[in-house]
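Student: Would you mind keeping the following structure in view while I ask a few things?
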Amino acid sequence: MRSSPTILWFRQDLRLDDNAALEAALERGEPIIPVYIWSEKDEGDWPLGAASRWWLHQSLTSLQSELEKRGPSLTIRIGGVAEKLAALAKEVNAGAIYFNSRYEPAAMQQEQELERASFVKDLELKSFNSSLLFDPSQIRNQSGGNFKVFTPYYKACLNHGFPESAFDAPKTLPRFKGSISSHKIEDLKLLPKINWAAGFVESWSPGEKGASKALKAFEKKLGGYLKGRERPDLDGVSRLSPHLHFGEIGPRQIVSQLNSGDIAAEGFLRQLVWREFSYYTLFHNPETPLTPLDKRFQNFPWEKDQALLTSWQKGQTGFPLVDAGMRQLWHTGYMHNRVRMVVASFLVKDLLLPWQEGARWFWDTLVDADLANNTMGWQWTSGCGVDAAPYFRIFNPVKQGEKFDPDGAYVKQWVPELKELDAKWIHHPWNAPSFDLEAAGIRIGETYPERIVDHDFARKRALSALASISK
Ligand code: FAD
């Protein structure tokens with residue numbers, strides 16, 4: 001009898017462990033054809049940024065090798081999702097297409113388009129959830145509506161109980177016997193033409209194995225998480241975000257491994273629920289990557305100033321903590337959460353530049369660029385999102401530095417021109433006596449930039465801008 005293979009469509013679930021679509025494909029018992037489709041137009045307003053493209057190249061390479069060890073290789077197609085799946089299904093006489101859902105607006109549209117396509121009437125089209133603990137339509141408040149505030153949402157999640165991982169990567173996968181044409185990963189041209197990614201190579205091991213190693217390494221330092229989460233100078237966070245974004249590890253696996261009930265584990269799982277809440281909020285408010293949830297902010301008197309934006313992007317603002325964060329981002333594709341909040345607040349409140357500009361820059365430069373988390377992070381900091389920080393809470397980059405990078409180690413790592421300066425002045429070098437500056441080889445305005453804005457002035461200006469939309 002002719003086989004009726006299962007097409008396993010990989011998306012942001014680039015792993016074999018805890019992969020619900022793969023599990024179902026195995027149960028179906030037919031040959032499995034794993035496929036990845038590269039279609040920039042199907043990502044809507046948010047085609048992959050440069051840092052994410054670098055990561056995707058590595059992650060697909062790793063998935064390819066894990067699949068080949070077990071039998072089938074990864075088929076790669078370039079072009080519209082529905083069109084490419086239709087062609088492949090016809091070519092191999094597929095009986096089913098299985099995939100894991102994504103919850104970003106453009107990705108959901110891909111699924112809807114697929115459901116409407118005529119070729120799927122002749123086969124079984126099934127979606128699964130492997131990227132979230134809870135499907136965003138699953139959690140409801142008591143009146144059946146959506147949560148708008150994190151804490152009650154979190155409690156509702158706790159009441160449901162966190163699901164754990166129940167499926168391990170299989171040792172072998174049934175292969176399709178015929179030949180299938182495929183592009184090479186190199187054909188996707190994901191790597192940069194100029195090699196700016198050397199710092200990424202030093203900082204990361206993309207792929208399922210790298211993700212699992214990162215989780216194991218983090219388990220050992222979990223006890224210090226609550227402190228590490230606040231302190232960019234310590235090695236205290238998991239750095240799992242890009243692995244989670246690309247689905248090289250899933251939240252159920254993390255719950256299975258870390259759900260020990262101690263306070264640090266609880267604190268960490270709470271952050272994973274923030275990730276859930278970001279997806280939940282985006283799912284129910286698909287316009288928010290570009291539009292503030294709080295509609296008053298549509299009339300906010302934003303400034304337009306390319307020179308200021310460039311200084312921020314390049315880490316040349318004259319505020320050491322901001323510059324350290326922006327340079328860490330450029331060099332490694334990552335920034336500690338505390339510093340993300342500080343640099344975001346600086347852009348939006350000190351410079352009065354639109355949060356969408358910051359979100360775009362992060363989108364291009366973060367290896368963990370994630371539409372749900374990035375949107376939530378920017379809207380939260382700007383005061384216009386769901387359960388947002390009040391707008392009048394304006395981070396003071398000097399005080400934040402003194403509190404969360406007390407010895408200036410983080411600044412010294414990323415802003416080497418300040419590394420000889422006494423810790424006492426490291427977060428406000430403009431106040432240092434000229435003797436100390438000279439001894440440290442610093443000339444403000446020459447070796448390190450002048451401040452591009454006066455924080456006290458900027459704070460008052462931001463508050464009056466807020467008052468103008470609150471009336
Ligand atoms: P850990 O502290 O080890 O946390 C573990 C996981 O929990 C993270 O990997 C992440 O998936 C989730 N998590 C942690 N903090 C948050 C949070 N505040 N919101 C939602 N989920 C969270 N995160 C992204 O993954 N992609 C983004 O594009 C992104 N953009 C951001 C933009 C701004 C302006 C801000 C303030 C935050 C943003 N975040 C984003 C959230 C957060 O900064 C990162 O998830 C976190 O720093 C990743 O590092 P980690 O994996 O070591 O985190």
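Chains: A, B, ... in order of the structure tokens. Residues: from 1 per chain. Ligands: from 1, in order shown.
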Could I get the residue neighbourhood of ligand 1 at 8 Å, counting only C-alpha atoms and all ligand atoms, as a ChimeraX atom specification?
Tutor: /A:225,229,236-245,268-278,334-344,358-359,362-363,366,368-381
Student: Could you list, as a count of residues only, every residue within 9 Å of Leu173 in chain A, counting only C-alpha atoms and ignoring same-chain residues fewer than 6 positions away?
Tutor: 7
Student: Report, in Å with one decimal, the straight-line distance from CA of Gly261 in chain A to CA of Leu222 in chain A.
Tutor: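 These atoms are spaced 12.1 Å apart.
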Student: Please provide as a compact mmCIF listing (two decimals) with C-alpha atoms, in the first residue's frame all residues within 9 Å of Ala20 in chain A, with the sequence filter that same-chain residues fewer than 6 positions apart are discarded (counting only C-alpha atoms).
Tutor:
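Here's the written file selection_6.txt:
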```txt
# COMPACT_ATOMS: atom_id res chain seq x y z
CA PHE A 99 2.42 21.80 13.17
CA ASN A 100 2.74 23.74 16.40
CA SER A 127 -2.21 22.20 15.11
CA PHE A 128 -0.77 21.76 18.60
CA ASN A 129 0.62 23.98 21.33
CA SER A 130 4.27 23.55 22.24
CA PHE A 167 7.41 13.58 25.47
```
Student: Which residues are near Ser203 in chain A? Cut-off 12 Å, only C-alpha atoms, ignore same chain within fewer than 5 positions. Put them as a VMD selection string.
Tutor: chain A and resid 55 197 to 198 210 214 239 242 328 to 329 331 to 335 367
Student: Just write the chosen residues, N, CA and C atoms, as an mmCIF file, in the first residue's frame.
Tutor:
```cif
data_model
loop_
_atom_site.group_PDB
_atom_site.id
_atom_site.type_symbol
_atom_site.label_atom_id
_atom_site.label_comp_id
_atom_site.auth_asym_id
_atom_site.auth_seq_id
_atom_site.Cartn_x
_atom_site.Cartn_y
_atom_site.Cartn_z
ATOM 1 N N TRP A 55 20.685 33.826 14.397
ATOM 2 C CA TRP A 55 20.325 32.727 15.294
ATOM 3 C C TRP A 55 19.616 31.616 14.514
ATOM 4 N N ALA A 197 29.110 39.333 13.667
ATOM 5 C CA ALA A 197 28.500 38.448 14.666
ATOM 6 C C ALA A 197 29.517 37.694 15.525
ATOM 7 N N ALA A 198 30.782 38.131 15.513
ATOM 8 C CA ALA A 198 31.793 37.387 16.277
ATOM 9 C C ALA A 198 31.415 37.325 17.766
ATOM 10 N N GLY A 210 22.167 23.287 22.928
ATOM 11 C CA GLY A 210 22.609 24.508 23.609
ATOM 12 C C GLY A 210 21.569 24.957 24.624
ATOM 13 N N ALA A 214 22.038 25.265 28.624
ATOM 14 C CA ALA A 214 21.788 26.539 29.319
ATOM 15 C C ALA A 214 20.858 26.312 30.505
ATOM 16 N N ARG A 239 19.356 33.337 30.667
ATOM 17 C CA ARG A 239 19.659 33.589 29.249
ATOM 18 C C ARG A 239 19.006 32.545 28.340
ATOM 19 N N PRO A 242 16.450 33.527 23.922
ATOM 20 C CA PRO A 242 16.444 33.189 22.491
ATOM 21 C C PRO A 242 16.076 31.724 22.243
ATOM 22 N N GLN A 328 26.247 46.272 25.046
ATOM 23 C CA GLN A 328 26.086 44.823 25.263
ATOM 24 C C GLN A 328 25.145 44.255 24.194
ATOM 25 N N LEU A 329 24.080 44.987 23.931
ATOM 26 C CA LEU A 329 23.106 44.557 22.922
ATOM 27 C C LEU A 329 23.775 44.403 21.557
ATOM 28 N N HIS A 331 26.916 44.037 20.827
ATOM 29 C CA HIS A 331 27.992 43.049 20.784
ATOM 30 C C HIS A 331 27.475 41.612 20.893
ATOM 31 N N THR A 332 26.469 41.401 21.723
ATOM 32 C CA THR A 332 26.050 40.016 22.013
ATOM 33 C C THR A 332 24.623 39.690 21.575
ATOM 34 N N GLY A 333 23.837 40.702 21.186
ATOM 35 C CA GLY A 333 22.437 40.445 20.830
ATOM 36 C C GLY A 333 21.550 40.267 22.054
ATOM 37 N N TYR A 334 22.050 40.659 23.211
ATOM 38 C CA TYR A 334 21.299 40.443 24.465
ATOM 39 C C TYR A 334 21.514 41.624 25.392
ATOM 40 N N MET A 335 20.557 41.842 26.280
ATOM 41 C CA MET A 335 20.726 42.833 27.350
ATOM 42 C C MET A 335 19.948 42.330 28.571
ATOM 43 N N VAL A 367 18.966 38.876 19.832
ATOM 44 C CA VAL A 367 18.814 37.492 19.364
ATOM 45 C C VAL A 367 17.523 36.883 19.907
#
```
Student: So which one's closest to Pro429 in chain A, A:Lys295, A:Arg443, A:Lys349, A:Lys193? Using only C-alpha atoms, please.
Tutor: A:Arg443
Student: Find the residues near range 143-156 of chain A: any atom within 6 Å, counting only C-alpha atoms, skip ones fewer than 3 places away on the same chain, and give them as a list in words.
Tutor: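 So, after excluding close chain neighbours, the residues are Arg140, Asn159, Val386 and Asp387 of chain A.
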